[in-house]
Amino acid sequence: MRRVVFAPAALGCLVGLAAPAWAEEVEAQLQAMQTRMAEMEARLEANQDELDAAKRQIEAQDEVIQSADLGEAGKESSSGIAAFLETIDITGWVSGGYNYNFENPDGATLAGFNRGAVLAYPFNPDPNSFTLDQVWFGIERAVSDEQRAGFRTDIVFGKTAGLLSGDFGANDGFAGNDLELYQGYVQYRAPINEAVTFKFGKFATLLGAEVVQAPMNFNISRGQVYNLFQPITHLGLLASTAVMGVDVSLGLVDETRSFPANDIDRNKDKAVLFGLGQTFETWKWSFAGVSGSADSGSLNDQPAGDKETILDLIIGWTPCEEFTGYINADWIQTDISRALDTTVDPPVVIPVSIDVEGYGVAVAGRYAFTEATGFAVRGEWIDLDDFFGESTELKMWTLTGTVDHKLTDKLTLRGEVRYDAVTDGDPTDDQFFDKSGDLAEDDQGTVGVEVIYSF
């Protein structure tokens, strides 16, 4: 029993003798670690002080450089320009294609061959030809309650620009080498009522379902209702607002129509432009018109002073995501009281009495088979009295079918087949060119392709 008791007692004595030495060693190690950590913290603080000093030096140098290059006013100007550019939207596209006429004209009659006497195909006049139609740039500073002043400018180069210019001689409109300002206006959102937006300058018309801009139409070509009845742009002042859920626009412009754009305003009188419209869940309507001084440039050097009224009704229907359609009906009355007699030199103005009156109806729709592919069809009927002079008449119909397919999100390819026929055209039904370039056909068939890249 003594041996058992002795062993633990001896062990305890040994531990008691060794404990002071072990504790002293641990305490020495802890003190060494604390010393090293203090040294590291001191170094880190020194490095941070050096970094802060270097940063302050760089900022000071940058201020010196900016002040030397721009000055204080320059810095403010640079900051203002950057803020202004953030409010600007830039859009555009490039479009071109190929158009084939089944009359198969030869090279001597290509320019304007598709147009015929009734001026069909306003933006696709040349058959059997490749064309660069639109290189389009739109720049806008939109208006809002927070940003009340703005502007918009649309510039187009190509075949469309040449045709909009209207001067097929000096500007070589059929060649498509022109640059045209389609729109250019300032706008202001005034705090009147809920809000009234004013536009001053050159702006697009309120009339019509089709527009100049290629990507915004169902079809490649524009219809006869667009061509024979509707204005394209106006020059003047336009105010727009909403009244009890109805969009209302009222303007004062130089004349009823500004196509061709080579027209010079020779009118002391002006024209009134108006528009009403409303949008619902699956359908919408608009009623617009213009009345007053007629376009003094619808024919080269046509004298001014005649009166014209154009009324336009559109009913749009979108019953589902896949289908969108519309009915576009127009009525026109143009009083032509004077004409230019070019049989004498110099030409003289002679009195005439021609009252062109009639209507046109276009029915169109597009169905999307998939998100990338769709098919559109457009049918039209035109009836105009005194179109070719007193006691004459023009009746015609058109049918157009267009397939569109998105190759990518930005690139669209379209193909089209179109047929135009004159059923009654006094003094003759033959309003389209034949192969030899004579007005000897009462109908015309064409096919075309178009490619559009939007950005």
# chains A, B, ... in the order shown; residues from 1 in each chain; ligands from 1
$ residues_around --residues "Thr279 in chain A" --least-positions-apart "4" --cutoff "9 Å" --atoms "only C-alpha atoms" --output "mmCIF file with C-alpha atoms, in the first residue's frame"
data_model
loop_
_atom_site.group_PDB
_atom_site.id
_atom_site.type_symbol
_atom_site.label_atom_id
_atom_site.label_comp_id
_atom_site.auth_asym_id
_atom_site.auth_seq_id
_atom_site.Cartn_x
_atom_site.Cartn_y
_atom_site.Cartn_z
ATOM 1 C CA GLY A 245 -58.284 60.317 -72.501
ATOM 2 C CA VAL A 246 -58.241 61.492 -76.137
ATOM 3 C CA ASP A 247 -54.971 62.573 -77.777
ATOM 4 C CA TRP A 283 -57.970 48.422 -80.683
ATOM 5 C CA LYS A 284 -57.337 52.088 -81.403
ATOM 6 C CA TRP A 285 -58.641 54.839 -83.638
ATOM 7 C CA SER A 286 -57.422 58.137 -85.061
#
$ select_by_dssp --residues "range 214-249 of chain A" --states "strand (DSSP E or B)" --output "PyMOL selection string"
chain A and resi 233-243+246-249
$ write_last_selection --atoms "C-alpha atoms" --output "PDB file, in the first residue's frame"
ATOM      1  CA  THR A 233     -44.108  66.201 -93.637  1.00  0.00           C
ATOM      2  CA  HIS A 234     -45.209  69.700 -92.651  1.00  0.00           C
ATOM      3  CA  LEU A 235     -43.382  72.904 -91.752  1.00  0.00           C
ATOM      4  CA  GLY A 236     -44.946  74.933 -88.969  1.00  0.00           C
ATOM      5  CA  LEU A 237     -46.150  74.755 -85.366  1.00  0.00           C
ATOM      6  CA  LEU A 238     -47.949  71.830 -83.712  1.00  0.00           C
ATOM      7  CA  ALA A 239     -49.413  71.521 -80.195  1.00  0.00           C
ATOM      8  CA  SER A 240     -50.406  68.159 -78.672  1.00  0.00           C
ATOM      9  CA  THR A 241     -52.086  67.185 -75.402  1.00  0.00           C
ATOM     10  CA  ALA A 242     -54.605  64.763 -73.899  1.00  0.00           C
ATOM     11  CA  VAL A 243     -58.205  65.727 -73.153  1.00  0.00           C
ATOM     12  CA  VAL A 246     -58.241  61.492 -76.137  1.00  0.00           C
ATOM     13  CA  ASP A 247     -54.971  62.573 -77.777  1.00  0.00           C
ATOM     14  CA  VAL A 248     -55.511  65.956 -79.428  1.00  0.00           C
ATOM     15  CA  SER A 249     -53.180  67.785 -81.830  1.00  0.00           C
TER      16      SER A 249
END
$ residues_around --residues "range 97-99 of chain A" --least-positions-apart "3" --cutoff "12 Å" --atoms "only C-alpha atoms" --output "PDB file with C-alpha atoms, in the first residue's frame"
ATOM      1  CA  VAL A  94     -29.698  50.790 -93.056  1.00  0.00           C
ATOM      2  CA  PHE A 102     -42.457  41.585-114.872  1.00  0.00           C
ATOM      3  CA  ASN A 104     -38.725  43.361-117.892  1.00  0.00           C
ATOM      4  CA  LEU A 110     -35.069  51.838-115.839  1.00  0.00           C
ATOM      5  CA  GLY A 112     -38.789  55.647-112.663  1.00  0.00           C
ATOM      6  CA  PHE A 113     -40.202  52.759-114.694  1.00  0.00           C
ATOM      7  CA  ASN A 114     -42.292  51.423-111.788  1.00  0.00           C
ATOM      8  CA  TYR A 121     -44.192  53.031-105.834  1.00  0.00           C
ATOM      9  CA  PHE A 123     -39.940  54.838-102.792  1.00  0.00           C
ATOM     10  CA  ASN A 124     -39.381  51.900-105.165  1.00  0.00           C
ATOM     11  CA  PRO A 125     -39.481  53.598-108.578  1.00  0.00           C
ATOM     12  CA  ASP A 126     -36.722  51.715-110.418  1.00  0.00           C
ATOM     13  CA  PRO A 127     -37.227  48.109-111.558  1.00  0.00           C
ATOM     14  CA  ASN A 128     -34.577  45.420-112.034  1.00  0.00           C
ATOM     15  CA  SER A 129     -32.107  47.366-109.890  1.00  0.00           C
ATOM     16  CA  PHE A 130     -30.268  47.090-106.603  1.00  0.00           C
ATOM     17  CA  THR A 131     -30.910  50.126-104.409  1.00  0.00           C
ATOM     18  CA  LEU A 132     -29.565  51.582-101.189  1.00  0.00           C
ATOM     19  CA  ASP A 133     -32.836  53.008 -99.920  1.00  0.00           C
ATOM     20  CA  GLN A 134     -32.280  54.416 -96.449  1.00  0.00           C
ATOM     21  CA  GLY A 158     -30.089  57.041-100.256  1.00  0.00           C
ATOM     22  CA  LYS A 159     -32.896  56.494-102.736  1.00  0.00           C
ATOM     23  CA  ALA A 214     -38.833  51.357 -93.729  1.00  0.00           C
ATOM     24  CA  ILE A 220     -41.698  46.883 -98.443  1.00  0.00           C
ATOM     25  CA  SER A 221     -43.550  49.243-100.806  1.00  0.00           C
ATOM     26  CA  THR A 412     -34.540  41.529 -90.994  1.00  0.00           C
ATOM     27  CA  LEU A 413     -35.073  40.074 -94.472  1.00  0.00           C
ATOM     28  CA  ARG A 414     -38.338  40.688 -96.380  1.00  0.00           C
ATOM     29  CA  GLY A 415     -39.776  39.494 -99.672  1.00  0.00           C
ATOM     30  CA  GLU A 416     -42.791  40.967-101.480  1.00  0.00           C
ATOM     31  CA  VAL A 417     -45.163  40.408-104.392  1.00  0.00           C
ATOM     32  CA  ARG A 418     -47.369  43.280-105.590  1.00  0.00           C
ATOM     33  CA  GLY A 445     -46.729  43.184-111.341  1.00  0.00           C
ATOM     34  CA  THR A 446     -43.525  43.410-109.339  1.00  0.00           C
ATOM     35  CA  VAL A 447     -41.533  41.424-106.793  1.00  0.00           C
ATOM     36  CA  GLY A 448     -38.951  42.756-104.389  1.00  0.00           C
ATOM     37  CA  VAL A 449     -36.619  41.878-101.553  1.00  0.00           C
ATOM     38  CA  GLU A 450     -35.378  44.102 -98.745  1.00  0.00           C
ATOM     39  CA  VAL A 451     -32.844  43.806 -95.957  1.00  0.00           C
ATOM     40  CA  ILE A 452     -32.888  46.070 -92.882  1.00  0.00           C
ATOM     41  CA  TYR A 453     -30.296  46.380 -90.120  1.00  0.00           C
TER      42      TYR A 453
END
$ select_by_dssp --residues "range 190-253 of chain A" --states "alpha helix (DSSP H)" --output "CSV table (one decimal) with N, CA and C atoms, in the first residue's frame"
chain,number,residue,atom,x,y,z
A,224,GLN,N,-51.0,52.9,-102.5
A,224,GLN,CA,-51.5,54.0,-103.3
A,224,GLN,C,-52.3,55.0,-102.4
A,225,VAL,N,-52.9,54.5,-101.3
A,225,VAL,CA,-53.5,55.5,-100.4
A,225,VAL,C,-52.5,56.4,-99.8
A,226,TYR,N,-51.4,55.9,-99.4
A,226,TYR,CA,-50.3,56.7,-98.9
A,226,TYR,C,-49.8,57.6,-100.0
A,227,ASN,N,-49.6,57.1,-101.2
A,227,ASN,CA,-49.0,57.9,-102.3
A,227,ASN,C,-49.9,59.0,-102.8
A,228,LEU,N,-51.2,58.7,-103.0
A,228,LEU,CA,-52.0,59.7,-103.7
A,228,LEU,C,-52.8,60.6,-102.8
A,229,PHE,N,-52.9,60.3,-101.5
A,229,PHE,CA,-53.8,61.1,-100.6
A,229,PHE,C,-53.0,61.8,-99.5
$ residues_around --residues "Glu371 in chain A" --least-positions-apart "4" --cutoff "10 Å" --atoms "only C-alpha atoms" --output "count of residues only"
3
$ residues_around --residues "range 323-335 of chain A" --least-positions-apart "3" --cutoff "8 Å" --atoms "only C-alpha atoms" --output "number ranges by chain"
A: 208-209, 225, 229-230, 294, 306-320, 353-368
$ write_last_selection --atoms "C-alpha atoms" --output "short mmCIF file (atom, residue, chain, number, x, y, z; two decimals), in the first residue's frame"
data_model
loop_
_atom_site.label_atom_id
_atom_site.label_comp_id
_atom_site.auth_asym_id
_atom_site.auth_seq_id
_atom_site.Cartn_x
_atom_site.Cartn_y
_atom_site.Cartn_z
CA GLY A 208 -51.82 57.79 -92.53
CA ALA A 209 -51.02 54.31 -91.26
CA VAL A 225 -53.53 55.48 -100.42
CA PHE A 229 -53.75 61.06 -100.62
CA GLN A 230 -51.45 61.57 -97.66
CA ALA A 294 -52.51 73.43 -101.39
CA ASP A 306 -55.33 76.59 -104.59
CA LYS A 307 -57.19 75.01 -101.69
CA GLU A 308 -57.14 71.43 -100.50
CA THR A 309 -58.74 69.34 -97.76
CA ILE A 310 -57.62 65.83 -96.77
CA LEU A 311 -59.34 63.71 -94.11
CA ASP A 312 -57.83 60.50 -92.75
CA LEU A 313 -59.41 57.76 -90.59
CA ILE A 314 -57.52 54.79 -89.11
CA ILE A 315 -58.94 51.91 -87.07
CA GLY A 316 -56.35 49.52 -85.69
CA TRP A 317 -57.07 46.09 -84.21
CA THR A 318 -54.79 43.78 -82.20
CA PRO A 319 -56.92 40.87 -80.90
CA CYS A 320 -53.87 38.79 -79.94
CA SER A 353 -61.44 74.85 -113.12
CA ILE A 354 -60.60 71.37 -111.90
CA ASP A 355 -62.01 69.86 -108.73
CA VAL A 356 -60.17 66.63 -107.88
CA GLU A 357 -62.26 64.68 -105.41
CA GLY A 358 -62.28 61.07 -104.28
CA TYR A 359 -61.43 58.48 -101.70
CA GLY A 360 -59.09 55.59 -101.05
CA VAL A 361 -59.28 52.65 -98.65
CA ALA A 362 -56.46 50.38 -97.50
CA VAL A 363 -56.97 47.21 -95.44
CA ALA A 364 -53.83 45.55 -94.08
CA GLY A 365 -52.72 43.05 -91.47
CA ARG A 366 -49.72 41.06 -90.30
CA TYR A 367 -49.69 37.64 -88.65
CA ALA A 368 -46.62 36.41 -86.75
#
$ residues_around --residues "range 430-437 of chain A" --least-positions-apart "6" --cutoff "7 Å" --atoms "only C-alpha atoms" --output "list in words"
Glu103, Asn104, Pro105, Asp106, Thr109, Phe113, Gly116, Ala117, Val118, Asp443 and Gln444 of chain A
